[in-house]
Number of protein chains: 2
Amino acid sequence: MFECVPNISEGREQATIDAVADAIRATDGVHLLNVHSDPDHNRSVFTYASESEEAIREATMRLFEIATARIDLRTHHGAHPRVGAVDVVPFVPLEGTSMAECVAAAERFARDAASRFDVPIYLYEEAAKHDYRRELPTIRSGGFEQFPHKITDERWQPDFGPSRVHPTAGVSVVGARVPLIAFNMQLGTDRVEVAQACAKAVRGISGGLRFVRALPIELKSRGIVQVSMNLLDFRRTPMHRAFSVVKEEAERFGVAVISSEVVGLVPADALYQVAEWHLRIGEFRKDIVLEERIKLRTR
Amino acid sequence: MFECVPNISEGREQATIDAVADAIRATDGVHLLNVHSDPDHNRSVFTYASESEEAIREATMRLFEIATARIDLRTHHGAHPRVGAVDVVPFVPLEGTSMAECVAAAERFARDAASRFDVPIYLYEEAAKHDYRRELPTIRSGGFEQFPHKITDERWQPDFGPSRVHPTAGVSVVGARVPLIAFNMQLGTDRVEVAQACAKAVRGISGGLRFVRALPIELKSRGIVQVSMNLLDFRRTPMHRAFSVVKEEAERFGVAVISSEVVGLVPADALYQVAEWHLRIGEFRKDIVLEERIKLRTR
């Protein structure tokens, strides 16, 4: 099974979000699993899956068509970094599908979409053609506003499409990756410097946990701040560890963690891992879970 | 689907445990999900499921036959209370099966087994015929050793079978109940009074959490003690709350919780609940779990 989790730069106009969701739902053989929109981020994440590579590419093409027709990045404001109307399109292998199949799907999709919509496309993560542009934050640095300059650099020629930024849709990043968890923690303060300190403490690049990316974000509509994280490998850097680091750092400022949220979906294994750790279950195996055991024994 | 989770009074003789497991596995249409044996408890728990009521009764009859032939309670010693070679046989409704169907299965099974093996059988929980003997601890109080006296009391006539204790197999308790979680916590001490204090703090009957039963148990083979719990309704008294009460009480004695274990199987929902609580996920719904969402959308 293939999963696809595109992020588009629209989290406020419900009509656009609904149009995209409807188009995905209307694609034969594709299951829309989740839609997550955030008005402060001004961004939506669609999660869908299919057993057919062709069907999942078709649904993604429809998403691309609607997003590029409706989103104008020149007037887009949001708390989350972005370079494109369709900002990033990861293909993710689920049960029965290999990473190589997802890389192939990403490449085919990127080639077709770039030519059809006249948008420059960069391949990332497992689909990257160059090591130095494997990671999303590197490709996205500078954002839509700086990209007209960045794209003139020879190192930043796109993998597909024209060598100039699309005036309203920017550029897109397409690739294949292992499942990641988009995990946000809300802090009981409006001081963005607290979220900044927490993000710095937890993210791998600044000395924190190896498989965590983190950004401080102001949730102006709620009067609080957020640490917005990507957990890139939850088996090696588990959710509860990222949670603890942020919680401790926030406490140093006298600030509490008031809630957290998963953007999109979370694998069951990641939650089992949290429960197992907190309950100190000595010899946890997934097959102590009733439903997992039944699945194993009855198929 | 029907689940059955009999507990037999043998946790040391591997040949007996294997014979029972083999007999369950050999029953057409029955899936053996788990076997948990404990030498200190001197007790084993078998978990199996079937879509057929007849098949699950057949497997349980085979278990009864082997256990009554091989176990002699007169020479049985173990840390866990017991009244029978086949101590307790709960039928549990899983997806697609009602409690009424499980009550009917339990009654049919109890009638047949009592007559075939000449063992007194008491119906408990949802299958109980009398309110005062609905709960397992009440039926089991006094244990095998006191039962020859107890059974002479008119209030303790069995529901099926003879009015005298079987010389080697004792009496059995059969019934139907909602899924429970058998959850044990190991403490870093050999002082049984610490486990006693923790059990008293956490169990509903002595002022603790409503849906928790708890006993202190010495794990002599490991030189430590254990709080052995039954969580009777994990949605109302969740695992993490029981864990916290025991942990705090143990800390008062300078003792740490060194591990925990699930005896048999645990529903996925119970673990999601622990993860959700510890991560403070604001609006947790089961369908943020990738596998649950796929199950919902593809069936």
# chains A, B, ... in the order shown; residues from 1 in each chain; ligands from 1

$ interface_residues --of "chain B" --to "chain A" --cutoff "6 Å" --atoms "only C-alpha atoms" --output "VMD selection string"
chain B and resid 259 to 261 265 to 268 271 to 272 274 to 275 280 to 282 288 to 290

$ write_last_selection --atoms "N, CA and C atoms" --output "compact mmCIF listing (two decimals), in the first residue's frame"
# COMPACT_ATOMS: atom_id res chain seq x y z
N SER B 259 9.40 -3.09 37.17
CA SER B 259 8.83 -3.47 35.88
C SER B 259 7.35 -3.75 36.07
N SER B 260 6.68 -3.91 34.95
CA SER B 260 5.30 -4.37 35.02
C SER B 260 5.10 -5.42 33.95
N GLU B 261 3.97 -6.10 34.00
CA GLU B 261 3.70 -7.09 32.96
C GLU B 261 2.19 -7.24 32.78
N LEU B 265 -3.43 -10.81 27.38
CA LEU B 265 -3.41 -9.79 26.33
C LEU B 265 -4.05 -8.50 26.83
N VAL B 266 -3.73 -7.40 26.15
CA VAL B 266 -4.27 -6.09 26.52
C VAL B 266 -4.91 -5.46 25.28
N PRO B 267 -6.11 -4.89 25.40
CA PRO B 267 -6.71 -4.23 24.24
C PRO B 267 -5.89 -3.02 23.80
N ALA B 268 -5.78 -2.81 22.51
CA ALA B 268 -5.04 -1.66 21.97
C ALA B 268 -5.56 -0.35 22.57
N LEU B 271 -3.81 0.80 25.69
CA LEU B 271 -2.47 1.37 25.51
C LEU B 271 -2.55 2.76 24.86
N TYR B 272 -3.47 2.93 23.91
CA TYR B 272 -3.67 4.27 23.32
C TYR B 272 -3.97 5.29 24.42
N VAL B 274 -3.13 5.26 27.57
CA VAL B 274 -1.93 5.60 28.35
C VAL B 274 -1.07 6.61 27.58
N ALA B 275 -0.86 6.34 26.30
CA ALA B 275 -0.03 7.23 25.48
C ALA B 275 -0.67 8.61 25.39
N ARG B 280 -0.43 14.13 26.66
CA ARG B 280 -1.40 15.23 26.77
C ARG B 280 -2.01 15.60 25.42
N ILE B 281 -2.31 14.59 24.62
CA ILE B 281 -2.89 14.86 23.31
C ILE B 281 -4.29 15.43 23.50
N GLY B 282 -4.47 16.64 22.98
CA GLY B 282 -5.67 17.40 23.29
C GLY B 282 -6.97 16.72 22.89
N ILE B 288 -6.95 8.78 14.84
CA ILE B 288 -5.67 9.40 14.44
C ILE B 288 -4.60 8.32 14.30
N VAL B 289 -4.93 7.09 14.67
CA VAL B 289 -3.96 6.01 14.53
C VAL B 289 -4.06 5.47 13.10
N LEU B 290 -2.94 5.50 12.42
CA LEU B 290 -2.88 5.12 11.00
C LEU B 290 -3.60 3.79 10.72

$ calpha_fit_and_write --fixed "chain A" --moving "chain B" --output "tab-separated table (two decimals) with C-alpha atoms, in the first residue's frame"
chain	number	residue	atom	x	y	z
B	1	MET	CA	0.00	0.00	-0.02
B	2	PHE	CA	1.18	3.51	-0.90
B	3	GLU	CA	0.55	6.47	1.37
B	4	CYS	CA	0.80	10.09	0.27
B	5	VAL	CA	0.82	13.08	2.65
B	6	PRO	CA	0.90	16.37	0.70
B	7	ASN	CA	1.01	19.70	2.53
B	8	ILE	CA	-0.63	22.64	0.77
B	9	SER	CA	-0.34	26.33	1.70
B	10	GLU	CA	-3.97	26.90	2.61
B	11	GLY	CA	-5.39	26.42	6.10
B	12	ARG	CA	-8.12	29.05	6.17
B	13	GLU	CA	-10.30	28.92	3.03
B	14	GLN	CA	-12.58	26.00	3.73
B	15	ALA	CA	-13.84	25.90	0.13
B	16	THR	CA	-10.35	25.16	-1.19
B	17	ILE	CA	-9.65	22.55	1.50
B	18	ASP	CA	-12.97	20.85	0.76
B	19	ALA	CA	-12.38	20.90	-2.99
B	20	VAL	CA	-9.08	19.10	-2.55
B	21	ALA	CA	-10.56	16.56	-0.12
B	22	ASP	CA	-13.48	15.90	-2.49
B	23	ALA	CA	-11.14	15.38	-5.44
B	24	ILE	CA	-9.07	12.83	-3.49
B	25	ARG	CA	-12.19	11.03	-2.28
B	26	ALA	CA	-13.51	10.90	-5.84
B	27	THR	CA	-10.43	9.05	-7.13
B	28	ASP	CA	-11.17	5.35	-7.59
B	29	GLY	CA	-9.15	3.08	-5.32
B	30	VAL	CA	-7.90	5.91	-3.08
B	31	HIS	CA	-8.86	6.14	0.62
B	32	LEU	CA	-8.72	9.62	2.16
B	33	LEU	CA	-7.58	8.94	5.72
B	34	ASN	CA	-7.19	12.37	7.26
B	35	VAL	CA	-7.32	16.12	6.62
B	36	HIS	CA	-5.64	18.47	9.10
B	37	SER	CA	-5.88	22.24	8.63
B	38	ASP	CA	-4.37	24.93	10.82
B	39	PRO	CA	-5.30	28.59	10.40
B	40	ASP	CA	-2.15	29.91	12.13
B	41	HIS	CA	0.11	27.70	10.04
B	42	ASN	CA	-2.21	28.53	7.11
B	43	ARG	CA	-1.54	25.07	5.85
B	44	SER	CA	-3.38	21.75	5.36
B	45	VAL	CA	-2.13	18.19	5.37
B	46	PHE	CA	-3.98	15.45	3.47
B	47	THR	CA	-3.29	11.79	4.21
B	48	TYR	CA	-4.50	9.13	1.80
B	49	ALA	CA	-3.58	5.62	0.76
B	50	SER	CA	-4.06	3.26	-2.14
B	51	GLU	CA	-2.92	-0.15	-3.27
B	52	SER	CA	-2.48	1.28	-6.76
B	53	GLU	CA	0.45	3.51	-7.65
B	54	GLU	CA	-1.45	4.93	-10.59
B	55	ALA	CA	-4.44	5.82	-8.42
B	56	ILE	CA	-2.34	7.56	-5.79
B	57	ARG	CA	-0.57	9.59	-8.47
B	58	GLU	CA	-3.92	10.48	-10.03
B	59	ALA	CA	-5.32	11.75	-6.70
B	60	THR	CA	-2.16	13.78	-6.12
B	61	MET	CA	-2.39	15.30	-9.59
B	62	ARG	CA	-5.94	16.45	-8.81
B	63	LEU	CA	-4.71	18.01	-5.56
B	64	PHE	CA	-1.96	19.79	-7.46
B	65	GLU	CA	-4.40	21.13	-10.03
B	66	ILE	CA	-6.77	22.60	-7.44
B	67	ALA	CA	-4.03	24.00	-5.21
B	68	THR	CA	-2.13	25.74	-8.02
B	69	ALA	CA	-5.37	27.19	-9.44
B	70	ARG	CA	-6.58	28.56	-6.10
B	71	ILE	CA	-3.56	29.49	-3.99
B	72	ASP	CA	-1.56	32.67	-4.61
B	73	LEU	CA	1.62	32.63	-2.53
B	74	ARG	CA	2.17	36.37	-3.13
B	75	THR	CA	-0.66	37.06	-0.67
B	76	HIS	CA	-0.18	34.01	1.54
B	77	HIS	CA	0.79	34.54	5.18
B	78	GLY	CA	1.27	31.78	7.71
B	79	ALA	CA	3.47	30.81	10.64
B	80	HIS	CA	4.90	27.72	8.92
B	81	PRO	CA	7.77	27.89	6.38
B	82	ARG	CA	6.73	27.16	2.77
B	83	VAL	CA	7.97	27.48	-0.80
B	84	GLY	CA	4.97	26.29	-2.80
B	85	ALA	CA	1.20	26.27	-3.12
B	86	VAL	CA	1.75	22.52	-3.03
B	87	ASP	CA	4.60	22.75	-0.59
B	88	VAL	CA	5.72	19.17	-0.11
B	89	VAL	CA	4.51	15.78	-1.39
B	90	PRO	CA	5.96	12.72	0.38
B	91	PHE	CA	5.17	9.20	-0.79
B	92	VAL	CA	5.42	6.69	2.08
B	93	PRO	CA	5.59	2.88	1.84
B	94	LEU	CA	3.02	1.05	3.99
B	95	GLU	CA	2.61	-2.72	4.37
B	96	GLY	CA	3.54	-4.60	1.19
B	97	THR	CA	5.21	-1.67	-0.61
B	98	SER	CA	8.94	-0.98	-0.84
B	99	MET	CA	10.80	2.31	-0.58
B	100	ALA	CA	12.05	1.76	-4.15
B	101	GLU	CA	8.46	1.67	-5.40
B	102	CYS	CA	7.73	4.93	-3.58
B	103	VAL	CA	10.84	6.57	-5.03
B	104	ALA	CA	9.69	5.52	-8.52
B	105	ALA	CA	6.18	6.86	-7.86
B	106	ALA	CA	7.59	10.17	-6.60
B	107	GLU	CA	9.81	10.59	-9.67
B	108	ARG	CA	7.03	9.80	-12.12
B	109	PHE	CA	4.69	12.13	-10.33
B	110	ALA	CA	7.26	14.96	-10.15
B	111	ARG	CA	8.07	14.75	-13.85
B	112	ASP	CA	4.41	14.81	-14.90
B	113	ALA	CA	3.35	17.55	-12.48
B	114	ALA	CA	6.28	19.85	-13.35
B	115	SER	CA	5.48	19.64	-17.02
B	116	ARG	CA	1.72	19.91	-16.63
B	117	PHE	CA	1.70	22.87	-14.20
B	118	ASP	CA	4.95	24.57	-15.23
B	119	VAL	CA	6.25	24.47	-11.64
B	120	PRO	CA	9.88	23.72	-10.66
B	121	ILE	CA	10.07	20.52	-8.60
B	122	TYR	CA	12.83	19.32	-6.25
B	123	LEU	CA	13.21	15.67	-5.26
B	124	TYR	CA	13.97	15.11	-1.56
B	125	GLU	CA	14.74	12.43	1.06
B	126	GLU	CA	14.93	8.93	-0.44
B	127	ALA	CA	14.16	10.32	-3.91
B	128	ALA	CA	16.88	13.01	-3.76
B	129	LYS	CA	19.42	13.09	-6.62
B	130	HIS	CA	21.96	15.10	-4.63
B	131	ASP	CA	23.02	14.53	-1.04
B	132	TYR	CA	23.16	18.25	-0.28
B	133	ARG	CA	19.49	18.64	-1.05
B	134	ARG	CA	18.17	15.57	0.62
B	135	GLU	CA	16.63	17.35	3.58
B	136	LEU	CA	13.46	19.40	3.35
B	137	PRO	CA	14.60	22.32	5.55
B	138	THR	CA	17.65	22.88	3.29
B	139	ILE	CA	15.53	22.98	0.16
B	140	ARG	CA	12.94	25.20	1.82
B	141	SER	CA	15.35	27.68	3.42
B	142	GLY	CA	14.68	31.25	2.37
B	143	GLY	CA	11.06	30.40	1.61
B	144	PHE	CA	8.96	31.43	-1.37
B	145	GLU	CA	10.12	35.04	-1.03
B	146	GLN	CA	13.85	34.23	-1.50
B	147	PHE	CA	13.44	31.50	-4.09
B	148	PRO	CA	13.62	33.70	-7.21
B	149	HIS	CA	17.19	34.45	-6.15
B	150	LYS	CA	18.05	30.94	-4.90
B	151	ILE	CA	16.94	29.26	-8.12
B	152	THR	CA	19.52	31.24	-10.12
B	153	ASP	CA	22.26	29.37	-8.22
B	154	GLU	CA	23.48	26.43	-10.29
B	155	ARG	CA	23.28	24.17	-7.22
B	156	TRP	CA	19.56	24.95	-6.93
B	157	GLN	CA	18.40	24.02	-10.42
B	158	PRO	CA	15.19	21.98	-10.02
B	159	ASP	CA	15.05	18.26	-10.85
B	160	PHE	CA	12.06	18.86	-13.13
B	161	GLY	CA	10.30	21.88	-14.63
B	162	PRO	CA	11.40	25.40	-15.48
B	163	SER	CA	14.35	27.22	-13.94
B	164	ARG	CA	12.18	30.04	-12.66
B	165	VAL	CA	9.73	30.17	-9.78
B	166	HIS	CA	6.04	29.91	-10.71
B	167	PRO	CA	4.61	33.39	-9.99
B	168	THR	CA	1.75	32.22	-7.75
B	169	ALA	CA	2.52	28.56	-6.99
B	170	GLY	CA	6.25	28.88	-6.21
B	171	VAL	CA	8.17	25.61	-6.29
B	172	SER	CA	7.30	22.15	-4.96
B	173	VAL	CA	9.24	19.45	-3.15
B	174	VAL	CA	8.36	15.83	-3.94
B	175	GLY	CA	9.92	12.67	-2.57
B	176	ALA	CA	9.72	9.42	-0.68
B	177	ARG	CA	10.36	8.86	3.01
B	178	VAL	CA	9.71	6.53	5.94
B	179	PRO	CA	6.62	7.35	8.01
B	180	LEU	CA	7.21	10.39	10.18
B	181	ILE	CA	5.12	11.77	13.00
B	182	ALA	CA	4.16	15.43	12.90
B	183	PHE	CA	3.83	16.18	16.59
B	184	ASN	CA	3.10	19.62	18.04
B	185	MET	CA	3.19	20.70	21.68
B	186	GLN	CA	1.28	23.75	22.87
B	187	LEU	CA	2.77	25.85	25.68
B	188	GLY	CA	0.85	27.96	28.18
B	189	THR	CA	2.45	31.25	27.21
B	190	ASP	CA	2.45	33.77	24.37
B	191	ARG	CA	6.24	34.29	24.65
B	192	VAL	CA	7.68	32.92	21.44
B	193	GLU	CA	11.18	32.85	23.00
B	194	VAL	CA	10.04	29.99	25.24
B	195	ALA	CA	8.99	27.93	22.21
B	196	GLN	CA	12.27	28.93	20.58
B	197	ALA	CA	14.27	27.61	23.55
B	198	CYS	CA	12.29	24.37	23.62
B	199	ALA	CA	12.71	23.82	19.88
B	200	LYS	CA	16.42	24.41	20.21
B	201	ALA	CA	16.69	22.00	23.14
B	202	VAL	CA	14.85	19.17	21.42
B	203	ARG	CA	16.01	19.27	17.82
B	204	GLY	CA	18.90	17.15	16.66
B	205	ILE	CA	20.68	19.82	14.64
B	206	SER	CA	21.25	22.09	17.64
B	207	GLY	CA	22.35	19.32	20.02
B	208	GLY	CA	19.03	17.73	20.96
B	209	LEU	CA	17.52	14.41	19.95
B	210	ARG	CA	18.92	12.88	16.78
B	211	PHE	CA	15.68	12.31	14.82
B	212	VAL	CA	13.75	15.44	15.78
B	213	ARG	CA	13.22	18.58	13.74
B	214	ALA	CA	11.53	21.43	15.58
B	215	LEU	CA	10.33	24.99	15.02
B	216	PRO	CA	8.80	27.56	17.36
B	217	ILE	CA	5.45	28.82	16.08
B	218	GLU	CA	3.10	31.54	17.34
B	219	LEU	CA	-0.54	30.48	17.43
B	220	LYS	CA	-1.87	34.03	17.33
B	221	SER	CA	-5.52	32.98	17.08
B	222	ARG	CA	-5.15	31.15	20.41
B	223	GLY	CA	-2.74	33.53	22.15
B	224	ILE	CA	-0.17	30.79	22.80
B	225	VAL	CA	2.97	29.35	21.23
B	226	GLN	CA	3.78	25.92	19.89
B	227	VAL	CA	6.79	23.70	19.36
B	228	SER	CA	6.10	22.09	15.99
B	229	MET	CA	8.07	18.87	15.54
B	230	ASN	CA	8.76	16.21	12.97
B	231	LEU	CA	9.79	12.89	14.51
B	232	LEU	CA	11.75	11.32	11.68
B	233	ASP	CA	12.33	7.89	13.22
B	234	PHE	CA	10.07	7.19	16.18
B	235	ARG	CA	11.67	3.81	16.87
B	236	ARG	CA	14.99	5.45	17.64
B	237	THR	CA	13.76	8.77	19.03
B	238	PRO	CA	10.42	7.94	20.65
B	239	MET	CA	7.56	10.37	21.24
B	240	HIS	CA	7.83	10.28	25.03
B	241	ARG	CA	11.47	11.35	24.94
B	242	ALA	CA	10.77	14.36	22.71
B	243	PHE	CA	7.86	15.22	24.98
B	244	SER	CA	10.05	15.12	28.12
B	245	VAL	CA	12.77	17.35	26.67
B	246	VAL	CA	10.27	20.04	25.64
B	247	LYS	CA	8.40	19.78	28.95
B	248	GLU	CA	11.57	20.19	31.02
B	249	GLU	CA	12.82	23.11	28.99
B	250	ALA	CA	9.45	24.87	29.25
B	251	GLU	CA	9.40	24.32	33.02
B	252	ARG	CA	12.66	26.23	33.31
B	253	PHE	CA	10.65	29.28	32.14
B	254	GLY	CA	7.78	28.47	34.50
B	255	VAL	CA	5.68	27.40	31.52
B	256	ALA	CA	3.52	24.27	31.30
B	257	VAL	CA	2.74	22.03	28.35
B	258	ILE	CA	-0.99	22.48	27.93
B	259	SER	CA	-1.63	19.99	25.14
B	260	SER	CA	-0.15	18.22	22.19
B	261	GLU	CA	-1.47	17.14	18.82
B	262	VAL	CA	-0.66	14.78	16.04
B	263	VAL	CA	-0.93	16.35	12.59
B	264	GLY	CA	-2.23	13.66	10.29
B	265	LEU	CA	-1.85	10.13	11.59
B	266	VAL	CA	0.40	8.25	14.00
B	267	PRO	CA	1.44	4.58	13.71
B	268	ALA	CA	0.02	2.35	16.46
B	269	ASP	CA	3.56	1.19	17.27
B	270	ALA	CA	4.54	4.72	18.28
B	271	LEU	CA	1.72	4.85	20.84
B	272	TYR	CA	2.41	1.32	22.12
B	273	GLN	CA	5.98	2.46	22.69
B	274	VAL	CA	4.86	5.41	24.85
B	275	ALA	CA	2.52	3.23	26.91
B	276	GLU	CA	5.18	0.54	27.34
B	277	TRP	CA	7.75	3.08	28.55
B	278	HIS	CA	5.50	4.83	31.01
B	279	LEU	CA	4.10	1.59	32.42
B	280	ARG	CA	7.60	0.06	32.55
B	281	ILE	CA	6.34	-3.13	30.92
B	282	GLY	CA	9.28	-5.47	31.24
B	283	GLU	CA	9.06	-7.53	28.10
B	284	PHE	CA	6.82	-5.69	25.74
B	285	ARG	CA	6.09	-7.35	22.47
B	286	LYS	CA	3.48	-6.00	20.11
B	287	ASP	CA	1.69	-9.33	20.26
B	288	ILE	CA	0.53	-8.81	23.85
B	289	VAL	CA	-2.00	-6.48	22.22
B	290	LEU	CA	-5.23	-8.39	21.74
B	291	GLU	CA	-6.07	-6.96	18.30
B	292	GLU	CA	-2.53	-7.50	16.97
B	293	ARG	CA	-2.57	-11.10	18.15
B	294	ILE	CA	-5.94	-11.77	16.54
B	295	LYS	CA	-4.70	-10.21	13.28
B	296	LEU	CA	-1.62	-12.46	13.36
B	297	ARG	CA	-3.50	-15.65	14.17
B	298	THR	CA	-6.52	-15.34	11.92
B	299	ARG	CA	-5.01	-14.24	8.66

$ select_by_dssp --residues "segment 61-264 of chain A" --states "helix (DSSP H, G or I)" --output "PDB file with C-alpha atoms, in the first residue's frame"
ATOM      1  CA  MET A  61      -2.406  15.283  -9.605  1.00  0.00           C
ATOM      2  CA  ARG A  62      -5.946  16.447  -8.826  1.00  0.00           C
ATOM      3  CA  LEU A  63      -4.721  18.007  -5.561  1.00  0.00           C
ATOM      4  CA  PHE A  64      -1.960  19.779  -7.458  1.00  0.00           C
ATOM      5  CA  GLU A  65      -4.389  21.122 -10.026  1.00  0.00           C
ATOM      6  CA  ILE A  66      -6.766  22.598  -7.451  1.00  0.00           C
ATOM      7  CA  ALA A  67      -4.024  24.012  -5.203  1.00  0.00           C
ATOM      8  CA  THR A  68      -2.139  25.738  -8.012  1.00  0.00           C
ATOM      9  CA  ALA A  69      -5.355  27.178  -9.438  1.00  0.00           C
ATOM     10  CA  ARG A  70      -6.572  28.545  -6.094  1.00  0.00           C
ATOM     11  CA  LEU A  73       1.624  32.619  -2.536  1.00  0.00           C
ATOM     12  CA  ARG A  74       2.190  36.359  -3.137  1.00  0.00           C
ATOM     13  CA  THR A  75      -0.633  37.056  -0.693  1.00  0.00           C
ATOM     14  CA  MET A  99      10.779   2.317  -0.560  1.00  0.00           C
ATOM     15  CA  ALA A 100      12.040   1.764  -4.122  1.00  0.00           C
ATOM     16  CA  GLU A 101       8.440   1.664  -5.378  1.00  0.00           C
ATOM     17  CA  CYS A 102       7.727   4.938  -3.570  1.00  0.00           C
ATOM     18  CA  VAL A 103      10.838   6.577  -5.018  1.00  0.00           C
ATOM     19  CA  ALA A 104       9.695   5.515  -8.493  1.00  0.00           C
ATOM     20  CA  ALA A 105       6.181   6.851  -7.851  1.00  0.00           C
ATOM     21  CA  ALA A 106       7.605  10.169  -6.606  1.00  0.00           C
ATOM     22  CA  GLU A 107       9.808  10.579  -9.670  1.00  0.00           C
ATOM     23  CA  ARG A 108       7.028   9.788 -12.109  1.00  0.00           C
ATOM     24  CA  PHE A 109       4.686  12.130 -10.330  1.00  0.00           C
ATOM     25  CA  ALA A 110       7.253  14.950 -10.124  1.00  0.00           C
ATOM     26  CA  ARG A 111       8.063  14.736 -13.841  1.00  0.00           C
ATOM     27  CA  ASP A 112       4.406  14.808 -14.888  1.00  0.00           C
ATOM     28  CA  ALA A 113       3.332  17.557 -12.472  1.00  0.00           C
ATOM     29  CA  ALA A 114       6.275  19.828 -13.325  1.00  0.00           C
ATOM     30  CA  SER A 115       5.485  19.637 -17.016  1.00  0.00           C
ATOM     31  CA  ARG A 116       1.725  19.913 -16.636  1.00  0.00           C
ATOM     32  CA  PHE A 117       1.685  22.864 -14.207  1.00  0.00           C
ATOM     33  CA  ASP A 131      23.028  14.503  -1.021  1.00  0.00           C
ATOM     34  CA  TYR A 132      23.162  18.239  -0.259  1.00  0.00           C
ATOM     35  CA  ARG A 133      19.480  18.631  -1.049  1.00  0.00           C
ATOM     36  CA  LEU A 136      13.469  19.379   3.354  1.00  0.00           C
ATOM     37  CA  PRO A 137      14.617  22.315   5.571  1.00  0.00           C
ATOM     38  CA  THR A 138      17.658  22.861   3.321  1.00  0.00           C
ATOM     39  CA  ILE A 139      15.537  22.975   0.172  1.00  0.00           C
ATOM     40  CA  ARG A 140      12.940  25.183   1.829  1.00  0.00           C
ATOM     41  CA  GLY A 143      11.054  30.374   1.631  1.00  0.00           C
ATOM     42  CA  PHE A 144       8.968  31.412  -1.352  1.00  0.00           C
ATOM     43  CA  GLU A 145      10.144  35.023  -1.036  1.00  0.00           C
ATOM     44  CA  GLN A 146      13.858  34.223  -1.479  1.00  0.00           C
ATOM     45  CA  PHE A 147      13.450  31.479  -4.074  1.00  0.00           C
ATOM     46  CA  PRO A 148      13.647  33.678  -7.219  1.00  0.00           C
ATOM     47  CA  HIS A 149      17.215  34.422  -6.140  1.00  0.00           C
ATOM     48  CA  LYS A 150      18.063  30.914  -4.870  1.00  0.00           C
ATOM     49  CA  GLU A 154      23.478  26.367 -10.270  1.00  0.00           C
ATOM     50  CA  ARG A 155      23.276  24.118  -7.178  1.00  0.00           C
ATOM     51  CA  TRP A 156      19.567  24.921  -6.933  1.00  0.00           C
ATOM     52  CA  VAL A 192       7.673  32.934  21.454  1.00  0.00           C
ATOM     53  CA  GLU A 193      11.160  32.853  23.018  1.00  0.00           C
ATOM     54  CA  VAL A 194      10.034  29.986  25.254  1.00  0.00           C
ATOM     55  CA  ALA A 195       8.973  27.940  22.223  1.00  0.00           C
ATOM     56  CA  GLN A 196      12.258  28.952  20.581  1.00  0.00           C
ATOM     57  CA  ALA A 197      14.253  27.640  23.559  1.00  0.00           C
ATOM     58  CA  CYS A 198      12.272  24.378  23.612  1.00  0.00           C
ATOM     59  CA  ALA A 199      12.691  23.841  19.882  1.00  0.00           C
ATOM     60  CA  LYS A 200      16.417  24.427  20.201  1.00  0.00           C
ATOM     61  CA  ALA A 201      16.686  22.010  23.144  1.00  0.00           C
ATOM     62  CA  VAL A 202      14.843  19.183  21.405  1.00  0.00           C
ATOM     63  CA  GLY A 204      18.888  17.179  16.624  1.00  0.00           C
ATOM     64  CA  ILE A 205      20.667  19.835  14.635  1.00  0.00           C
ATOM     65  CA  SER A 206      21.232  22.116  17.626  1.00  0.00           C
ATOM     66  CA  MET A 239       7.557  10.382  21.220  1.00  0.00           C
ATOM     67  CA  HIS A 240       7.822  10.298  25.016  1.00  0.00           C
ATOM     68  CA  ARG A 241      11.465  11.357  24.905  1.00  0.00           C
ATOM     69  CA  ALA A 242      10.772  14.371  22.691  1.00  0.00           C
ATOM     70  CA  PHE A 243       7.858  15.241  24.969  1.00  0.00           C
ATOM     71  CA  SER A 244      10.055  15.130  28.098  1.00  0.00           C
ATOM     72  CA  VAL A 245      12.770  17.353  26.650  1.00  0.00           C
ATOM     73  CA  VAL A 246      10.273  20.046  25.639  1.00  0.00           C
ATOM     74  CA  LYS A 247       8.397  19.768  28.949  1.00  0.00           C
ATOM     75  CA  GLU A 248      11.572  20.184  31.013  1.00  0.00           C
ATOM     76  CA  GLU A 249      12.811  23.115  28.993  1.00  0.00           C
ATOM     77  CA  ALA A 250       9.449  24.868  29.252  1.00  0.00           C
ATOM     78  CA  GLU A 251       9.397  24.311  33.030  1.00  0.00           C
ATOM     79  CA  ARG A 252      12.669  26.212  33.319  1.00  0.00           C
TER      80      ARG A 252
END

$ select_by_dssp --residues "segment 65-166 of chain A" --states "strand (DSSP E)" --output "PyMOL selection string"
chain A and resi 86-93+121-125
